[in-house]
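Undergrad: Could you have a look at this structure, given as structure tokens, before my questions?
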Amino acid sequence: MATTYDAIIIGTGQAGPSLAVRLAGAGMKVAIIERKRFGGTCVNNGCIPTKTLVASARAAHMARRAAEYGVRIDSSITVDMKKVKERKDVVVRRSNEGVEKWLKSTEKLTVYEGHACFEDAHQVRVGDERLEAGKFFINVGGRASIPPLPGIDQVSYFNNSTMMDVDFRPEHLIVIGGSYVGLEFAQMYRRFGSEVTIVEMGPRLIQREDEDVSEAVRAILETEGINIRLSAECIAMEKRGAKVAVNVDCSSGDKTVLGSHLLLAVGRVPNTDDLGLENAGVAVNQRGYIQVDDQLRTNVPGIYALGDCNGRGAFTHTSYNDYEIVTANLLDGDPRQVSDRITAYALYIDPPLGRAGMTEAEVRKSGRKALLGIRPMARVGRAVEKAETQGFMKVLVDAETKEILGASLLGIECDEVIHSILDVMYAKAPYTVIQRAVHIHPTVTELIPTLLGELKPLA
Ligand SMILES: Cc1cc2nc3c(=O)[nH]c(=O)nc-3n(C[C@H](O)[C@H](O)[C@H](O)COP(=O)(O)OP(=O)(O)OC[C@H]3O[C@@H](n4cnc5c(N)ncnc54)[C@H](O)[C@@H]3O)c2cc1C
């Protein structure tokens, strides 16, 4: 006999818990199923632990720079990796346990711990139990992709999840993948004191960004002593005693990098291959992402997909926004949709990159008339005062509508500053609204109006 619910949620990522609590609060009988750790990737292996580690790494970096600020530290700077991990674990545990307690104490909500698999479009199996419902909400997220690189089966390696158990300083960490996850770990471990080499197949780092952004990020990382090997088209691995050798076959430099530890950061795949989606008839695309419409409905009536597994976003804020869209439509009579969302995210190297909307390359490709403003952080008073002048801010505006098309802000506090631009984009207001705004002095954001007063036609 199956237990019947009004709604079943699979996965406790960034959409599932809020959705479960909201539906239960609306009077539905709800079940939520989690097979690993409450809170999913962001809480346990993603945003929260990495940003906690980035904070420790920054503390070490600033301690080493103390003399520049006139502060003398009369002993050597060492990083206690056990303490670093302990601090991270405390922050993660607080969040993870918070989600678990919240779910388990919510009335009309039953929590199942186990792997959920669809039997058909109305039933899932969790261990020995069968659960049925009229509505299913899939929030199963993703995991690190492990591509079949030559030699991969002969070496041991970390991914973003197993890196969370590291409580020692690798002598030489080789990071395969020069994109968002790889760069955060690379800089963090360099600051912890490891030698670090980034091996990237493409000709530049973070290839979705503009070339000037990639170049500035490369300069920031190289200034800290990180080795970067680009165009490593024939990556292969081999065990050499206690070490790992990575053949990078780059166009210049040594063909092999010898490291003590290896981190694979080469993208993510959705957790949809073991969910029995074929039993329910739910359509996925070639890469395994569940296909959804603008209100996150799959092709099967009553089944929705939220978060990373639908391929419409890859961030905590996009997953949470999926929850808002689904409840707005189901409970509030408010027709919110995914296409109302503006692309926005940050890369948490230090200084961070804050991004909103289109890149310069995308604007150029669109062929529209545009205006461009660029200001180096060396011309931002607050950055000079803090002696953190790496990077630049770039904004693109539609020359006809005057609406902001996009921004790439690379510099101190830019993960926050970007919101001054993002909110005006959401308001669909002309850029002149911010240009005439009076911002607080001295902040990085105070230079956004100035930057918008210096726009030039995009050549
Ligand atoms: C290293 C790293 C750093 C990141 N940093 C950031 C950042 O700074 N900012 C940001 O916005 N995003 C960041 N992200 C991305 C962010 O973590 C995800 O976008 C976010 O977690 C959204 O995930 P989700 O809601 O789709 O599901 P997830 O958080 O992935 O959770 C899915 C849950 O479903 C469970 N599950 C899967 N299959 C089943 C099943 N069959 N049965 C039961 N349960 C199942 C899983 O165990 C998991 O708990 C980072 C990711 C990584 C890897």
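If you're wondering about the labels, chains in the structure tokens are A, B, ... by order shown, residues count from 1 in each chain, ligands from 1 in order shown.
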Neighbours of ligand 1 at 6 Å or closer, counting only C-alpha atoms and all ligand atoms: which residues, as a ChimeraX atom specification?
TA: /A:10-15,33-42,46-47,114-117,139-142,160,181,271,275,307-309,314-317,319
Undergrad: Taking N, CA, C and O atoms for each residue, export the selection above as a compact mmCIF listing (two decimals), in the first residue's frame.
TA:
```txt
# COMPACT_ATOMS: atom_id res chain seq x y z
N ILE A 10 11.23 16.06 -3.86
CA ILE A 10 12.42 15.19 -3.85
C ILE A 10 13.66 16.07 -3.81
O ILE A 10 13.93 16.81 -4.76
N GLY A 11 14.40 16.00 -2.70
CA GLY A 11 15.62 16.79 -2.56
C GLY A 11 15.39 17.98 -1.64
O GLY A 11 14.34 18.63 -1.68
N THR A 12 16.38 18.23 -0.76
CA THR A 12 16.27 19.38 0.15
C THR A 12 17.32 20.43 -0.21
O THR A 12 18.07 20.90 0.64
N GLY A 13 17.39 20.75 -1.51
CA GLY A 13 18.34 21.80 -1.95
C GLY A 13 17.84 23.17 -1.56
O GLY A 13 17.31 23.38 -0.46
N GLN A 14 17.96 24.09 -2.49
CA GLN A 14 17.66 25.49 -2.16
C GLN A 14 16.21 25.88 -2.42
O GLN A 14 15.77 26.95 -2.06
N ALA A 15 15.46 24.99 -3.08
CA ALA A 15 14.04 25.27 -3.36
C ALA A 15 13.14 24.38 -2.50
O ALA A 15 12.10 24.83 -2.01
N ILE A 33 11.79 14.29 0.62
CA ILE A 33 12.71 13.14 0.67
C ILE A 33 14.15 13.63 0.44
O ILE A 33 14.40 14.37 -0.51
N GLU A 34 15.06 13.19 1.30
CA GLU A 34 16.47 13.55 1.14
C GLU A 34 17.33 12.30 1.29
O GLU A 34 17.17 11.56 2.26
N ARG A 35 18.24 12.11 0.35
CA ARG A 35 19.06 10.89 0.40
C ARG A 35 20.42 11.09 1.08
O ARG A 35 21.08 10.12 1.45
N LYS A 36 20.86 12.35 1.21
CA LYS A 36 22.17 12.56 1.85
C LYS A 36 22.05 13.55 2.98
O LYS A 36 21.59 13.22 4.05
N ARG A 37 22.50 14.78 2.73
CA ARG A 37 22.56 15.74 3.82
C ARG A 37 21.55 16.86 3.59
O ARG A 37 21.46 17.41 2.49
N PHE A 38 20.83 17.22 4.65
CA PHE A 38 19.82 18.27 4.53
C PHE A 38 20.49 19.59 4.13
O PHE A 38 21.53 19.97 4.67
N GLY A 39 19.86 20.25 3.17
CA GLY A 39 20.40 21.54 2.71
C GLY A 39 21.11 21.45 1.38
O GLY A 39 21.40 22.47 0.76
N GLY A 40 21.43 20.22 0.95
CA GLY A 40 21.98 20.02 -0.39
C GLY A 40 23.37 20.60 -0.60
O GLY A 40 24.14 20.79 0.35
N THR A 41 23.68 20.91 -1.84
CA THR A 41 25.03 21.31 -2.25
C THR A 41 25.46 22.61 -1.59
O THR A 41 26.55 22.70 -1.02
N CYS A 42 24.63 23.63 -1.68
CA CYS A 42 25.02 24.96 -1.20
C CYS A 42 25.45 24.89 0.26
O CYS A 42 26.51 25.39 0.64
N GLY A 46 29.01 23.43 -1.17
CA GLY A 46 29.06 24.50 -2.18
C GLY A 46 29.30 25.85 -1.56
O GLY A 46 30.32 26.09 -0.91
N CYS A 47 28.33 26.73 -1.75
CA CYS A 47 28.49 28.15 -1.39
C CYS A 47 28.98 28.36 0.05
O CYS A 47 29.97 29.06 0.27
N GLY A 114 16.23 8.87 2.41
CA GLY A 114 16.52 7.76 1.51
C GLY A 114 16.49 8.24 0.07
O GLY A 114 16.14 9.40 -0.20
N HIS A 115 16.84 7.33 -0.81
CA HIS A 115 16.89 7.68 -2.23
C HIS A 115 15.50 7.51 -2.86
O HIS A 115 14.89 6.44 -2.74
N ALA A 116 15.01 8.54 -3.52
CA ALA A 116 13.68 8.48 -4.15
C ALA A 116 13.82 8.10 -5.62
O ALA A 116 14.74 8.57 -6.31
N CYS A 117 12.92 7.23 -6.06
CA CYS A 117 12.94 6.81 -7.46
C CYS A 117 11.49 6.69 -7.95
O CYS A 117 10.66 6.06 -7.27
N ASN A 139 13.80 18.49 -6.89
CA ASN A 139 14.84 19.49 -6.55
C ASN A 139 16.13 18.72 -6.20
O ASN A 139 16.69 18.85 -5.13
N VAL A 140 16.57 17.89 -7.17
CA VAL A 140 17.64 16.94 -6.88
C VAL A 140 19.05 17.48 -7.15
O VAL A 140 20.04 16.81 -6.86
N GLY A 141 19.16 18.69 -7.71
CA GLY A 141 20.47 19.31 -7.86
C GLY A 141 21.41 18.57 -8.79
O GLY A 141 20.99 17.85 -9.70
N GLY A 142 22.70 18.74 -8.51
CA GLY A 142 23.71 18.13 -9.38
C GLY A 142 24.92 17.68 -8.57
O GLY A 142 24.95 17.81 -7.34
N ASN A 160 34.61 18.83 -5.49
CA ASN A 160 34.24 19.88 -4.53
C ASN A 160 33.69 19.29 -3.22
O ASN A 160 33.82 19.91 -2.17
N VAL A 181 34.36 27.22 -9.89
CA VAL A 181 34.68 26.41 -8.71
C VAL A 181 36.20 26.24 -8.59
O VAL A 181 36.79 26.42 -7.52
N ASN A 271 21.57 15.37 -11.10
CA ASN A 271 21.29 14.08 -10.44
C ASN A 271 19.98 13.48 -10.97
O ASN A 271 19.04 13.23 -10.21
N LEU A 275 16.83 8.56 -11.03
CA LEU A 275 15.60 9.05 -10.42
C LEU A 275 14.38 8.35 -11.00
O LEU A 275 13.25 8.62 -10.59
N GLY A 307 15.52 24.24 -9.50
CA GLY A 307 16.95 24.25 -9.16
C GLY A 307 17.82 23.77 -10.29
O GLY A 307 17.41 23.67 -11.45
N ASP A 308 19.05 23.40 -9.93
CA ASP A 308 20.07 23.07 -10.94
C ASP A 308 19.63 21.98 -11.91
O ASP A 308 20.09 21.95 -13.05
N CYS A 309 18.76 21.06 -11.47
CA CYS A 309 18.41 19.92 -12.31
C CYS A 309 17.57 20.29 -13.53
O CYS A 309 17.40 19.48 -14.44
N ALA A 314 22.07 27.85 -12.23
CA ALA A 314 23.06 26.97 -11.59
C ALA A 314 23.51 27.58 -10.27
O ALA A 314 24.67 27.43 -9.87
N PHE A 315 22.59 28.27 -9.64
CA PHE A 315 22.96 29.01 -8.43
C PHE A 315 21.90 28.83 -7.35
O PHE A 315 20.75 28.49 -7.63
N THR A 316 22.32 29.13 -6.13
CA THR A 316 21.39 29.09 -5.01
C THR A 316 20.24 30.08 -5.23
O THR A 316 19.08 29.75 -5.02
N HIS A 317 20.57 31.28 -5.67
CA HIS A 317 19.51 32.28 -5.83
C HIS A 317 18.55 31.92 -6.97
O HIS A 317 17.38 32.27 -6.91
N SER A 319 17.76 28.78 -7.81
CA SER A 319 16.95 27.68 -7.27
C SER A 319 15.87 28.25 -6.34
O SER A 319 14.70 27.86 -6.41
```
Undergrad: Could you pull out the residues in segment 224-446 of chain A that DSSP calls helix (DSSP H, G or I) from the backbone, as a PyMOL selection string?
TA: chain A and resi 277-280+307-310+316-331+338-340+360-366+377-379+381-385+414-426+432-435
Undergrad: Excluding Leu183 of chain A and residues on its chain fewer than 3 positions from it, collect all residues at most 9 Å away from it, counting only C-alpha atoms, and give them as a PyMOL selection string.
TA: chain A and resi 175+177-180+186-188+198+205-206+221+265+347-349
Undergrad: For segment 402-404 of chain A, work out the shell of residues within 7 Å, counting only C-alpha atoms and skipping chain neighbours fewer than 3 positions away, then give it as a ChimeraX atom specification.
TA: /A:396-399,425,428-431
Undergrad: Skipping near chain neighbours, those fewer than 5 positions away, what residues fall within 12 Å of Leu353 of chain A using only C-alpha atoms, listed as a ChimeraX atom specification?
TA: /A:180,183-184,206,209-210,213-214,216-217,220,344-348,390-394,407-418
Undergrad: Now that the selection is made, can you save its residues with N, CA and C atoms as a short mmCIF file (atom, residue, chain, number, x, y, z; two decimals), in the first residue's frame?
TA:
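Result saved to selection-v6.cif:
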```
data_model
loop_
_atom_site.label_atom_id
_atom_site.label_comp_id
_atom_site.auth_asym_id
_atom_site.auth_seq_id
_atom_site.Cartn_x
_atom_site.Cartn_y
_atom_site.Cartn_z
N TYR A 180 34.66 28.71 -12.43
CA TYR A 180 34.29 29.33 -11.15
C TYR A 180 34.74 28.51 -9.93
N LEU A 183 38.68 28.09 -9.66
CA LEU A 183 39.45 29.30 -9.31
C LEU A 183 39.32 29.64 -7.83
N GLU A 184 38.12 29.41 -7.28
CA GLU A 184 37.95 29.70 -5.85
C GLU A 184 38.85 28.80 -5.01
N ILE A 206 37.80 31.17 -17.12
CA ILE A 206 36.38 31.59 -17.15
C ILE A 206 35.95 32.10 -18.53
N GLU A 209 33.16 34.57 -19.61
CA GLU A 209 33.29 36.01 -19.36
C GLU A 209 34.03 36.67 -20.53
N ASP A 210 34.01 38.01 -20.54
CA ASP A 210 34.76 38.74 -21.57
C ASP A 210 36.26 38.50 -21.42
N VAL A 213 38.05 40.43 -18.76
CA VAL A 213 37.78 39.94 -17.40
C VAL A 213 38.67 38.72 -17.13
N SER A 214 38.70 37.78 -18.09
CA SER A 214 39.55 36.59 -17.94
C SER A 214 41.01 37.00 -17.70
N ALA A 216 42.20 39.85 -16.54
CA ALA A 216 42.41 40.50 -15.24
C ALA A 216 42.40 39.46 -14.11
N VAL A 217 41.54 38.47 -14.23
CA VAL A 217 41.48 37.41 -13.21
C VAL A 217 42.79 36.62 -13.23
N ILE A 220 45.43 38.58 -11.46
CA ILE A 220 45.25 38.57 -9.99
C ILE A 220 45.82 37.26 -9.42
N ALA A 344 22.51 36.80 -13.04
CA ALA A 344 23.36 37.50 -12.06
C ALA A 344 24.08 36.48 -11.20
N TYR A 345 25.34 36.70 -10.94
CA TYR A 345 26.11 35.78 -10.10
C TYR A 345 27.43 36.44 -9.73
N ALA A 346 28.17 35.77 -8.86
CA ALA A 346 29.50 36.28 -8.50
C ALA A 346 30.52 35.15 -8.55
N LEU A 347 31.75 35.53 -8.83
CA LEU A 347 32.88 34.61 -8.71
C LEU A 347 33.63 35.05 -7.47
N TYR A 348 33.74 34.13 -6.48
CA TYR A 348 34.29 34.54 -5.19
C TYR A 348 35.77 34.29 -5.06
N GLN A 390 43.03 46.03 -7.47
CA GLN A 390 43.01 45.15 -8.64
C GLN A 390 41.62 45.14 -9.28
N GLY A 391 41.60 45.00 -10.60
CA GLY A 391 40.33 44.82 -11.31
C GLY A 391 39.79 46.10 -11.93
N PHE A 392 38.58 46.02 -12.45
CA PHE A 392 37.93 47.16 -13.09
C PHE A 392 36.41 46.95 -13.10
N MET A 393 35.69 48.04 -13.35
CA MET A 393 34.22 47.93 -13.45
C MET A 393 33.83 48.31 -14.87
N LYS A 394 32.94 47.51 -15.43
CA LYS A 394 32.52 47.74 -16.82
C LYS A 394 31.00 47.64 -16.90
N ALA A 407 26.70 44.19 -16.77
CA ALA A 407 27.86 44.74 -16.07
C ALA A 407 28.76 43.62 -15.58
N SER A 408 30.05 43.89 -15.64
CA SER A 408 31.05 42.98 -15.05
C SER A 408 31.88 43.85 -14.11
N LEU A 409 31.75 43.60 -12.84
CA LEU A 409 32.46 44.41 -11.86
C LEU A 409 33.45 43.51 -11.13
N LEU A 410 34.73 43.71 -11.40
CA LEU A 410 35.77 42.89 -10.78
C LEU A 410 36.55 43.78 -9.83
N GLY A 411 36.37 43.60 -8.54
CA GLY A 411 37.10 44.45 -7.61
C GLY A 411 36.56 44.27 -6.20
N ILE A 412 37.21 44.92 -5.29
CA ILE A 412 36.84 44.80 -3.87
C ILE A 412 35.36 45.21 -3.69
N GLU A 413 34.61 44.40 -2.98
CA GLU A 413 33.18 44.60 -2.66
C GLU A 413 32.25 44.48 -3.88
N CYS A 414 32.76 44.06 -5.03
CA CYS A 414 31.92 44.10 -6.24
C CYS A 414 30.80 43.06 -6.24
N ASP A 415 30.88 42.04 -5.38
CA ASP A 415 29.76 41.11 -5.25
C ASP A 415 28.56 41.82 -4.63
N GLU A 416 28.79 42.90 -3.91
CA GLU A 416 27.70 43.71 -3.34
C GLU A 416 27.33 44.85 -4.29
N VAL A 417 28.35 45.52 -4.84
CA VAL A 417 28.12 46.71 -5.67
C VAL A 417 27.21 46.38 -6.86
N ILE A 418 27.34 45.17 -7.40
CA ILE A 418 26.59 44.79 -8.60
C ILE A 418 25.08 44.97 -8.39
#
```
Undergrad: Which residues come within 12 Å of segment 87-104 of chain A, counting only C-alpha atoms, excluding same-chain residues fewer than 2 positions away, as a PyMOL selection string?
TA: chain A and resi 9+12-22+24-25+30-34+36-57+80-85+106-113+163-167
